[in-house]
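As stored in upload_14.pdb (PDB, C-alpha atoms):
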ATOM      1  CA  MET A   1      46.824 -28.373  53.263
ATOM      2  CA  ALA A   2      44.475 -25.437  53.468
ATOM      3  CA  ALA A   3      42.336 -24.463  50.509
ATOM      4  CA  VAL A   4      43.365 -21.663  48.164
ATOM      5  CA  GLY A   5      42.388 -18.272  49.533
ATOM      6  CA  GLU A   6      42.133 -19.520  53.126
ATOM      7  CA  VAL A   7      44.361 -17.997  55.785
ATOM      8  CA  LEU A   8      46.707 -20.737  56.981
ATOM      9  CA  ALA A   9      47.360 -21.226  60.633
ATOM     10  CA  VAL A  10      50.549 -19.778  62.081
ATOM     11  CA  ALA A  11      51.585 -23.266  63.238
ATOM     12  CA  ASP A  12      51.739 -24.524  59.644
ATOM     13  CA  TYR A  13      54.680 -22.316  58.702
ATOM     14  CA  GLY A  14      55.555 -20.533  61.910
ATOM     15  CA  TYR A  15      54.177 -17.308  60.424
ATOM     16  CA  GLU A  16      51.097 -16.174  58.602
ATOM     17  CA  PRO A  17      51.817 -16.350  54.826
ATOM     18  CA  VAL A  18      50.738 -13.209  53.054
ATOM     19  CA  TYR A  19      49.987 -14.897  49.722
ATOM     20  CA  ALA A  20      47.377 -17.166  51.322
ATOM     21  CA  ALA A  21      45.334 -14.326  52.794
ATOM     22  CA  THR A  22      41.939 -13.713  51.234
ATOM     23  CA  ALA A  23      42.068 -10.499  49.228
ATOM     24  CA  ALA A  24      39.514  -7.841  50.061
ATOM     25  CA  SER A  25      37.008  -7.548  47.244
ATOM     26  CA  VAL A  26      36.315  -4.191  45.675
ATOM     27  CA  LYS A  27      32.654  -4.944  46.434
ATOM     28  CA  ALA A  28      33.454  -4.134  50.041
ATOM     29  CA  PHE A  29      33.934  -0.540  48.916
ATOM     30  CA  GLY A  30      30.545  -0.425  47.198
ATOM     31  CA  ILE A  31      31.879  -0.558  43.618
ATOM     32  CA  ASP A  32      30.496  -3.437  41.602
ATOM     33  CA  GLU A  33      29.628  -4.297  38.033
ATOM     34  CA  LEU A  34      26.081  -3.194  37.377
ATOM     35  CA  ASP A  35      23.576  -6.030  37.029
ATOM     36  CA  PRO A  36      20.743  -4.377  35.070
ATOM     37  CA  THR A  37      18.352  -7.285  35.542
ATOM     38  CA  ALA A  38      18.522  -6.973  39.340
ATOM     39  CA  ARG A  39      16.976  -3.501  39.304
ATOM     40  CA  LEU A  40      14.328  -3.951  36.624
ATOM     41  CA  PRO A  41      10.585  -4.531  37.070
ATOM     42  CA  ASP A  42       9.159  -7.615  35.396
ATOM     43  CA  LYS A  43       7.987  -5.737  32.311
ATOM     44  CA  PHE A  44      11.572  -4.916  31.267
ATOM     45  CA  GLU A  45      14.158  -7.346  29.942
ATOM     46  CA  ILE A  46      17.760  -6.673  28.879
ATOM     47  CA  PHE A  47      19.662  -9.382  27.060
ATOM     48  CA  GLY A  48      22.920  -9.706  25.162
ATOM     49  CA  THR A  49      26.493  -9.134  26.271
ATOM     50  CA  ASP A  50      27.231  -6.015  24.237
ATOM     51  CA  MET A  51      25.185  -3.703  22.019
ATOM     52  CA  GLN A  52      22.327  -4.986  24.113
ATOM     53  CA  VAL A  53      18.608  -5.188  23.439
ATOM     54  CA  LEU A  54      15.917  -3.753  25.710
ATOM     55  CA  ARG A  55      12.587  -5.523  25.451
ATOM     56  CA  VAL A  56       9.552  -3.909  27.053
ATOM     57  CA  PHE A  57       6.272  -5.737  27.674
ATOM     58  CA  MET A  58       3.519  -3.158  27.464
ATOM     59  CA  ASP A  59       0.030  -2.741  28.854
ATOM     60  CA  ALA A  60      -2.684  -0.786  27.093
ATOM     61  CA  GLY A  61      -1.829   2.919  27.155
ATOM     62  CA  ASP A  62       1.876   2.491  27.884
ATOM     63  CA  LYS A  63       4.008   4.880  25.853
ATOM     64  CA  ILE A  64       7.737   4.525  25.261
ATOM     65  CA  ILE A  65       9.935   7.405  24.091
ATOM     66  CA  ALA A  66      13.178   6.434  22.348
ATOM     67  CA  GLU A  67      15.810   7.988  20.131
ATOM     68  CA  PRO A  68      15.089   7.656  16.399
ATOM     69  CA  GLY A  69      16.266   4.397  14.864
ATOM     70  CA  ALA A  70      16.285   2.445  18.132
ATOM     71  CA  MET A  71      13.395   0.087  17.317
ATOM     72  CA  ILE A  72      14.293  -3.475  16.274
ATOM     73  CA  TYR A  73      10.858  -5.129  16.337
ATOM     74  CA  MET A  74       7.434  -4.610  17.887
ATOM     75  CA  SER A  75       3.945  -6.052  18.067
ATOM     76  CA  GLU A  76       1.390  -5.151  15.439
ATOM     77  CA  ALA A  77      -0.829  -3.524  18.073
ATOM     78  CA  VAL A  78       1.866  -0.955  18.945
ATOM     79  CA  LEU A  79       1.338   2.437  17.344
ATOM     80  CA  ALA A  80       4.539   4.200  16.273
ATOM     81  CA  GLY A  81       4.663   7.980  16.287
ATOM     82  CA  CYS A  82       6.856  11.015  16.835
ATOM     83  CA  ASP A  83       7.167  13.499  19.677
ATOM     84  CA  SER A  84       8.726  16.940  19.306
ATOM     85  CA  SER A  85       7.782  18.445  22.672
ATOM     86  CA  ASP A  86      10.579  20.158  24.587
ATOM     87  CA  CYS A  87      12.782  20.035  21.508
ATOM     88  CA  CYS A  88      14.981  22.854  22.847
ATOM     89  CA  GLY A  89      16.050  20.920  25.931
ATOM     90  CA  ARG A  90      16.702  17.804  23.870
ATOM     91  CA  CYS A  91      18.773  19.617  21.263
ATOM     92  CA  MET A  92      20.844  21.460  23.861
ATOM     93  CA  SER A  93      21.730  18.136  25.497
ATOM     94  CA  CYS A  94      22.769  16.723  22.080
ATOM     95  CA  SER A  95      19.788  14.380  21.813
ATOM     96  CA  PRO A  96      17.547  14.432  18.713
ATOM     97  CA  CYS A  97      14.901  17.161  18.739
ATOM     98  CA  CYS A  98      12.239  14.675  17.652
ATOM     99  CA  MET A  99      11.900  11.367  19.492
ATOM    100  CA  ALA A 100      10.171   8.211  18.344
ATOM    101  CA  THR A 101       7.169   7.039  20.386
ATOM    102  CA  TYR A 102       5.606   3.581  20.715
ATOM    103  CA  GLU A 103       2.182   3.373  22.329
ATOM    104  CA  ALA A 104       0.394   0.111  23.113
ATOM    105  CA  GLU A 105      -3.189  -0.033  21.903
ATOM    106  CA  THR A 106      -3.857  -3.293  23.765
ATOM    107  CA  SER A 107      -2.221  -5.233  26.574
ATOM    108  CA  GLY A 108       0.205  -8.065  25.919
ATOM    109  CA  THR A 109       2.292  -6.159  23.362
ATOM    110  CA  TYR A 110       6.036  -5.625  23.281
ATOM    111  CA  VAL A 111       8.791  -3.518  21.729
ATOM    112  CA  GLY A 112      12.480  -4.375  21.198
ATOM    113  CA  LEU A 113      14.907  -1.446  21.288
ATOM    114  CA  THR A 114      18.680  -0.971  21.099
ATOM    115  CA  PRO A 115      20.903   2.133  21.349
ATOM    116  CA  VAL A 116      21.789   3.728  18.029
ATOM    117  CA  ARG A 117      25.479   3.939  18.961
ATOM    118  CA  PRO A 118      27.506   0.923  20.180
ATOM    119  CA  ALA A 119      26.468   0.667  23.814
ATOM    120  CA  LYS A 120      25.067  -1.372  26.642
ATOM    121  CA  VAL A 121      21.671  -0.565  28.132
ATOM    122  CA  VAL A 122      21.861   1.033  31.591
ATOM    123  CA  PRO A 123      18.579   1.362  33.534
ATOM    124  CA  VAL A 124      18.234   4.426  35.760
ATOM    125  CA  PRO A 125      15.134   4.340  38.018
ATOM    126  CA  LEU A 126      14.456   7.996  38.717
ATOM    127  CA  HIS A 127      11.815   7.847  41.507
ATOM    128  CA  GLY A 128      11.499  11.622  41.515
ATOM    129  CA  ARG A 129      15.255  12.237  41.473
ATOM    130  CA  ARG A 130      17.330  14.328  39.078
ATOM    131  CA  PHE A 131      20.355  12.887  37.293
ATOM    132  CA  LEU A 132      23.057  14.586  35.233
ATOM    133  CA  ALA A 133      24.633  12.646  32.372
ATOM    134  CA  LYS A 134      27.003  12.890  29.446
ATOM    135  CA  ASP A 135      25.588  14.565  26.372
ATOM    136  CA  ARG A 136      23.382  12.259  24.299
ATOM    137  CA  ALA A 137      23.382   9.595  26.996
ATOM    138  CA  PHE A 138      19.581   9.184  26.920
ATOM    139  CA  PHE A 139      18.345   6.190  24.972
ATOM    140  CA  ALA A 140      14.740   5.426  25.968
ATOM    141  CA  SER A 141      12.198   5.865  28.768
ATOM    142  CA  LEU A 142       8.829   4.695  30.001
ATOM    143  CA  GLY A 143       6.651   6.816  32.213
ATOM    144  CA  GLN A 144       7.127  10.423  33.199
ATOM    145  CA  VAL A 145      10.725  11.288  32.232
ATOM    146  CA  GLU A 146      11.834  14.778  31.211
ATOM    147  CA  ILE A 147      14.955  15.335  29.099
ATOM    148  CA  ASN A 148      16.550  18.710  29.632
ATOM    149  CA  PHE A 149      19.969  20.334  29.942
ATOM    150  CA  ASP A 150      22.157  21.904  32.603
ATOM    151  CA  VAL A 151      24.870  24.529  32.091
ATOM    152  CA  ASP A 152      28.118  24.288  34.042
ATOM    153  CA  THR A 153      29.025  27.876  34.897
ATOM    154  CA  ASN A 154      32.293  26.968  36.637
ATOM    155  CA  PRO A 155      35.111  27.641  34.118
ATOM    156  CA  LEU A 156      37.409  25.040  35.718
ATOM    157  CA  THR A 157      34.971  22.096  35.712
ATOM    158  CA  CYS A 158      33.474  23.201  32.408
ATOM    159  CA  CYS A 159      36.813  23.137  30.590
ATOM    160  CA  CYS A 160      38.603  20.347  32.484
ATOM    161  CA  GLY A 161      35.906  18.057  33.889
ATOM    162  CA  GLY A 162      35.308  16.134  30.671
ATOM    163  CA  GLN A 163      31.581  16.929  30.470
ATOM    164  CA  GLY A 164      31.748  20.262  28.674
ATOM    165  CA  LEU A 165      29.539  23.299  29.123
ATOM    166  CA  VAL A 166      26.188  21.518  28.723
ATOM    167  CA  ARG A 167      25.210  18.300  30.504
ATOM    168  CA  GLN A 168      22.097  16.259  29.927
ATOM    169  CA  VAL A 169      19.445  16.197  32.648
ATOM    170  CA  LEU A 170      17.040  13.322  33.304
ATOM    171  CA  LYS A 171      14.311  13.806  35.897
ATOM    172  CA  GLY A 172      10.862  12.472  36.697
ATOM    173  CA  ASP A 173       9.175   9.442  38.218
ATOM    174  CA  GLY A 174       9.575   6.945  35.369
ATOM    175  CA  MET A 175      12.288   4.557  34.208
ATOM    176  CA  ALA A 176      15.048   6.024  32.043
ATOM    177  CA  PHE A 177      17.604   4.065  30.027
ATOM    178  CA  ILE A 178      20.994   5.406  28.958
ATOM    179  CA  GLY A 179      23.729   3.956  26.764
ATOM    180  CA  ALA A 180      27.325   3.323  27.841
ATOM    181  CA  MET A 181      30.252   1.226  26.575
ATOM    182  CA  GLY A 182      32.401  -1.463  28.122
ATOM    183  CA  VAL A 183      31.865  -2.705  31.671
ATOM    184  CA  ILE A 184      29.321  -0.621  33.572
ATOM    185  CA  THR A 185      29.989  -0.068  37.276
ATOM    186  CA  HIS A 186      27.836   1.599  39.884
ATOM    187  CA  LYS A 187      28.473   3.130  43.280
ATOM    188  CA  VAL A 188      26.373   4.877  45.902
ATOM    189  CA  LEU A 189      28.506   7.536  47.583
ATOM    190  CA  ALA A 190      28.024   8.152  51.277
ATOM    191  CA  PRO A 191      27.854  11.741  52.540
ATOM    192  CA  GLY A 192      31.341  13.222  52.289
ATOM    193  CA  GLU A 193      32.772  10.189  50.462
ATOM    194  CA  THR A 194      35.015  11.104  47.522
ATOM    195  CA  LEU A 195      35.667   9.188  44.311
ATOM    196  CA  LEU A 196      38.183  10.079  41.573
ATOM    197  CA  ILE A 197      37.172   9.028  38.046
ATOM    198  CA  ASP A 198      38.773   9.333  34.642
ATOM    199  CA  THR A 199      36.999  12.142  32.818
ATOM    200  CA  ASN A 200      35.980   9.802  29.967
ATOM    201  CA  SER A 201      34.608   7.103  32.274
ATOM    202  CA  LEU A 202      31.882   9.071  34.028
ATOM    203  CA  VAL A 203      28.434   8.422  32.532
ATOM    204  CA  SER A 204      25.807   9.744  34.929
ATOM    205  CA  TRP A 205      25.544  11.022  38.491
ATOM    206  CA  GLU A 206      22.820  12.197  40.840
ATOM    207  CA  ASP A 207      22.540  15.948  41.241
ATOM    208  CA  THR A 208      23.213  15.645  44.975
ATOM    209  CA  VAL A 209      26.785  14.632  44.115
ATOM    210  CA  GLU A 210      29.294  17.485  44.116
ATOM    211  CA  PHE A 211      31.156  17.652  40.789
ATOM    212  CA  ASP A 212      34.751  18.893  40.829
ATOM    213  CA  VAL A 213      38.194  18.173  39.340
ATOM    214  CA  LYS A 214      41.600  17.303  40.778
ATOM    215  CA  THR A 215      45.019  17.325  39.156
ATOM    216  CA  THR A 216      46.362  13.906  38.246
ATOM    217  CA  GLY A 217      49.826  14.599  39.655
ATOM    218  CA  GLY A 218      53.064  16.303  38.762
ATOM    219  CA  PHE A 219      54.370  17.466  35.410
ATOM    220  CA  CYS A 220      55.570  14.043  34.227
ATOM    221  CA  THR A 221      52.329  12.382  35.344
ATOM    222  CA  CYS A 222      50.209  14.902  33.476
ATOM    223  CA  CYS A 223      52.241  14.604  30.281
ATOM    224  CA  CYS A 224      53.219  10.935  30.220
ATOM    225  CA  ALA A 225      50.751   8.905  32.300
ATOM    226  CA  GLY A 226      47.941   9.126  29.750
ATOM    227  CA  GLU A 227      45.402  10.627  32.157
ATOM    228  CA  GLY A 228      45.796  14.240  31.161
ATOM    229  CA  LEU A 229      45.907  17.163  33.558
ATOM    230  CA  PHE A 230      42.734  16.520  35.588
ATOM    231  CA  ASN A 231      40.577  13.695  36.927
ATOM    232  CA  THR A 232      36.928  14.091  37.847
ATOM    233  CA  LYS A 233      36.289  14.347  41.581
ATOM    234  CA  LEU A 234      32.863  13.362  42.921
ATOM    235  CA  THR A 235      31.779  13.854  46.520
ATOM    236  CA  GLY A 236      28.646  12.194  47.929
ATOM    237  CA  PRO A 237      25.928  11.600  48.746
ATOM    238  CA  GLY A 238      24.385  10.134  45.612
ATOM    239  CA  GLU A 239      24.572   7.495  42.874
ATOM    240  CA  VAL A 240      27.275   7.355  40.208
ATOM    241  CA  TYR A 241      27.418   5.309  36.974
ATOM    242  CA  MET A 242      30.760   4.629  35.260
ATOM    243  CA  GLN A 243      31.921   2.947  32.056
ATOM    244  CA  SER A 244      35.218   1.256  31.205
ATOM    245  CA  TYR A 245      35.254   2.516  27.610
ATOM    246  CA  SER A 246      33.807   5.659  26.068
ATOM    247  CA  HIS A 247      32.594   6.687  22.643
ATOM    248  CA  GLY A 248      35.321   9.335  22.591
ATOM    249  CA  LYS A 249      38.058   6.715  23.076
ATOM    250  CA  PHE A 250      36.446   4.484  20.475
ATOM    251  CA  LYS A 251      36.258   7.342  17.972
ATOM    252  CA  ASN A 252      39.887   8.311  18.540
ATOM    253  CA  TYR A 253      40.988   4.698  18.101
ATOM    254  CA  ALA A 254      38.983   4.385  14.873
ATOM    255  CA  ILE A 255      40.501   7.596  13.508
ATOM    256  CA  ASP A 256      44.046   6.488  14.402
ATOM    257  CA  TRP A 257      43.416   3.093  12.802
ATOM    258  CA  TYR A 258      42.036   4.681   9.638
ATOM    259  CA  LEU A 259      44.930   7.128   9.354
ATOM    260  CA  GLY A 260      47.367   4.277   9.953
ATOM    261  CA  GLN A 261      45.791   2.289   7.155
ATOM    262  CA  ARG A 262      45.987   5.305   4.867
ATOM    263  CA  ALA A 263      49.634   5.868   5.772
ATOM    264  CA  SER A 264      50.608   2.236   5.230
ATOM    265  CA  GLY A 265      48.755   2.252   1.926
ATOM    266  CA  GLY A 266      50.613   5.381   0.877
ATOM    267  CA  LEU A 267      53.983   3.840   1.749
ATOM    268  CA  GLN A 268      53.064   0.762  -0.260
ATOM    269  CA  ARG A 269      52.223   2.938  -3.274
ATOM    270  CA  VAL A 270      55.535   4.792  -2.886
ATOM    271  CA  ALA A 271      57.371   1.463  -2.838
ATOM    272  CA  ASN A 272      55.497   0.258  -5.909
ATOM    273  CA  ASN A 273      56.198   3.492  -7.783
ATOM    274  CA  GLY A 274      59.879   3.631  -6.887
ATOM    275  CA  GLY A 275      59.518   6.857  -4.931
ATOM    276  CA  ALA A 276      57.872   8.757  -7.773
ATOM    277  CA  ALA A 277      55.079   9.848  -5.429
ATOM    278  CA  LEU A 278      57.684  11.742  -3.373
ATOM    279  CA  GLY A 279      59.465  13.297  -6.351
ATOM    280  CA  GLY A 280      61.948  10.472  -6.923
ATOM    281  CA  GLY A 281      62.658   8.635 -10.124
ATOM    282  CA  PRO A 282      60.325   6.152 -11.718
ATOM    283  CA  ALA A 283      60.442   2.455 -10.903
ATOM    284  CA  ALA A 284      63.100   0.382 -12.617
ATOM    285  CA  ALA A 285      62.057  -1.520 -15.736
ATOM    286  CA  GLU A 286      61.118  -5.118 -15.145
ATOM    287  CA  GLY A 287      61.805  -6.229 -18.708
ATOM    288  CA  VAL A 288      58.297  -7.574 -19.015
ATOM    289  CA  VAL A 289      55.665  -5.138 -20.201
ATOM    290  CA  GLY A 290      52.797  -7.017 -18.619
ATOM    291  CA  ALA A 291      54.392  -6.975 -15.170
ATOM    292  CA  LEU A 292      54.423  -3.166 -15.179
ATOM    293  CA  GLU A 293      50.880  -2.969 -16.563
ATOM    294  CA  ILE A 294      52.035  -0.693 -19.417
ATOM    295  CA  ASP A 295      49.833  -0.424 -22.472
ATOM    296  CA  PRO A 296      52.131  -0.946 -25.504
ATOM    297  CA  LEU A 297      49.881   1.341 -27.566
ATOM    298  CA  ASP A 298      50.370   4.377 -25.306
ATOM    299  CA  ASP A 299      53.513   5.590 -27.130
ATOM    300  CA  ALA A 300      52.675   4.136 -30.529
ATOM    301  CA  PRO A 301      52.011   6.420 -33.524
ATOM    302  CA  SER A 302      48.406   7.294 -34.278
ATOM    303  CA  GLU A 303      48.189   4.944 -37.303
ATOM    304  CA  PHE A 304      49.043   1.960 -35.124
ATOM    305  CA  ARG A 305      46.542   2.996 -32.409
ATOM    306  CA  ARG A 306      43.771   3.320 -35.011
ATOM    307  CA  ARG A 307      44.443  -0.170 -36.358
ATOM    308  CA  GLY A 308      44.791  -1.561 -32.830
ATOM    309  CA  ALA A 309      48.317  -2.902 -33.374
ATOM    310  CA  ALA A 310      51.571  -1.795 -31.799
ATOM    311  CA  PRO A 311      54.872  -1.498 -33.636
ATOM    312  CA  THR A 312      57.183  -4.430 -33.358
ATOM    313  CA  VAL A 313      59.799  -3.907 -30.653
ATOM    314  CA  ALA A 314      63.203  -5.368 -31.438
ATOM    315  CA  PRO A 315      64.665  -7.691 -28.805
ATOM    316  CA  ALA A 316      67.333  -6.149 -26.623
ATOM    317  CA  ASP A 317      70.070  -8.506 -27.886
ATOM    318  CA  VAL A 318      69.540  -7.625 -31.588
ATOM    319  CA  ALA A 319      71.669  -4.841 -33.034
ATOM    320  CA  PRO A 320      69.684  -1.894 -34.419
ATOM    321  CA  MET A 321      69.392  -1.538 -38.219
ATOM    322  CA  ASP A 322      70.531   1.482 -40.143
ATOM    323  CA  ARG A 323      68.305   3.569 -42.424
ATOM    324  CA  LYS A 324      68.683   1.131 -45.316
ATOM    325  CA  GLY A 325      67.587  -1.803 -43.204
ATOM    326  CA  ARG A 326      71.048  -3.384 -42.862
TER     327      ARG A 326
END

What does the file become when written as structure tokens?
Amino acid sequence: MAAVGEVLAVADYGYEPVYAATAASVKAFGIDELDPTARLPDKFEIFGTDMQVLRVFMDAGDKIIAEPGAMIYMSEAVLAGCDSSDCCGRCMSCSPCCMATYEAETSGTYVGLTPVRPAKVVPVPLHGRRFLAKDRAFFASLGQVEINFDVDTNPLTCCCGGQGLVRQVLKGDGMAFIGAMGVITHKVLAPGETLLIDTNSLVSWEDTVEFDVKTTGGFCTCCCAGEGLFNTKLTGPGEVYMQSYSHGKFKNYAIDWYLGQRASGGLQRVANNGGAALGGGPAAAEGVVGALEIDPLDDAPSEFRRRGAAPTVAPADVAPMDRKGR
């Protein structure tokens, strides 16, 4: 018997069974899960499966720029500071105006960093290239990396491409790191090659890639398939980085979960109050004061409340007395 995944000979069954054919891997199309360690110099290390940590081993004079609050730990010989240069470009791309800096005073030092938002660490070696990215994608950098912004003047792609009017720009010769959620995939588009991407899944792309949009389908597809009216259309050449989950999806899920909890809590309160919260009548008496959490002194006369004692309540099966006590 042939092994699983091996194409069986025609003589075995008289035909070539389709189920035994080796499936073509998506790697053959150049789309693969990004392995950040395979493209990092020795002085960088990324570890963890999610909400990852970037550890940088520094030589004397090395200076790291990172978003505020990203530092986890560092050597004593690393000098922390602040950098507010080019604050306009940073603010326009939704990054903080002031960035934290970590400069090594001696060799053999290190810094541990992590993205402020839930994210994995994605290395982007610039090598003199220019990349566009989602707003606030930048996380940290070493070397000459400039953070700026780009304005999309095309009304169609600006409104329907999922990236908005302003996109973040990363350019220079250094190593940049961005944050993204879920499984990170990477593809190098050949000249003229086209790739359709969900508008929330695109993280960063080289500026040589043509950015456009394409309708997802007909009326029912747009309204009921969950992909909206447009998908992002990218045409090569150039590099593209994608994510399986986005901060926007995560935020929407968190809001829906919170509102659901509030709604279920409100329904529980309505049930406990017998519909009084919606204008209905009060809850039926339980017969036990303690079960309803009613203070017996609430309706007592003032002289009883001052003495801290409630009037004696006659049992329900005892006939009421007249004015003379009979």

Which residues come within 9 Å of Phe44 in chain A, counting only C-alpha atoms, excluding same-chain residues fewer than 4 positions away, as a ChimeraX atom specification?
-> /A:37,40,54-57

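By only C-alpha atoms, and with residues fewer than 6 positions from range 107-116 of chain A along its chain excluded, the set lying at most 7 Å from it is Gln52, Val53, Leu54, Arg55, Val56, Phe57, Met58, Asp59, Ala60, Gly69, Ala70, Met71, Ile72, Tyr73, Met74, Ser75, Ala77, Val78, Phe139 and Gly179 of chain A.
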
Of the candidates A:Ser84, A:Ser246, A:Thr199, A:Gln261, which shows the shortest atom-to-atom distance to Cys158 in chain A, using only C-alpha atoms?
->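 Nearest candidate to Cys158 in chain A out of A:Ser84, A:Ser246, A:Thr199, A:Gln261: A:Thr199.
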
Could you check which residues have any atom within 10 Å of (9.1, 5.3, 22.3), counting all atoms listed in the file with coordinates taken straight from the file, and then list them as an mmCIF file with C-alpha atoms, keeping the file's coordinate frame?
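Done, and the output landed in result-v9.cif:
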data_model
loop_
_atom_site.group_PDB
_atom_site.id
_atom_site.type_symbol
_atom_site.label_atom_id
_atom_site.label_comp_id
_atom_site.auth_asym_id
_atom_site.auth_seq_id
_atom_site.Cartn_x
_atom_site.Cartn_y
_atom_site.Cartn_z
ATOM 1 C CA ASP A 62 1.876 2.491 27.884
ATOM 2 C CA LYS A 63 4.008 4.880 25.853
ATOM 3 C CA ILE A 64 7.737 4.525 25.261
ATOM 4 C CA ILE A 65 9.935 7.405 24.091
ATOM 5 C CA ALA A 66 13.178 6.434 22.348
ATOM 6 C CA GLU A 67 15.810 7.988 20.131
ATOM 7 C CA PRO A 68 15.089 7.656 16.399
ATOM 8 C CA ALA A 70 16.285 2.445 18.132
ATOM 9 C CA MET A 71 13.395 0.087 17.317
ATOM 10 C CA LEU A 79 1.338 2.437 17.344
ATOM 11 C CA ALA A 80 4.539 4.200 16.273
ATOM 12 C CA GLY A 81 4.663 7.980 16.287
ATOM 13 C CA CYS A 82 6.856 11.015 16.835
ATOM 14 C CA ASP A 83 7.167 13.499 19.677
ATOM 15 C CA MET A 99 11.900 11.367 19.492
ATOM 16 C CA ALA A 100 10.171 8.211 18.344
ATOM 17 C CA THR A 101 7.169 7.039 20.386
ATOM 18 C CA TYR A 102 5.606 3.581 20.715
ATOM 19 C CA GLU A 103 2.182 3.373 22.329
ATOM 20 C CA VAL A 111 8.791 -3.518 21.729
ATOM 21 C CA LEU A 113 14.907 -1.446 21.288
ATOM 22 C CA PHE A 139 18.345 6.190 24.972
ATOM 23 C CA ALA A 140 14.740 5.426 25.968
ATOM 24 C CA SER A 141 12.198 5.865 28.768
ATOM 25 C CA LEU A 142 8.829 4.695 30.001
#

Could you check how far CA of Val169 in chain A sits from CA of Met242 in chain A, in Å to one decimal?
-> 16.4 Å

Hey, can you check how far CA of Leu259 in chain A sits from CA of Ala119 in chain A?
->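 For CA of Leu259 in chain A relative to CA of Ala119 in chain A, the distance reads 24.3 Å.
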
Quick one: of A:Cys97, A:Leu202, A:Leu196, A:Ile255, who's nearest to Ile184 in chain A, counting all atoms listed in the file?
-> A:Leu202
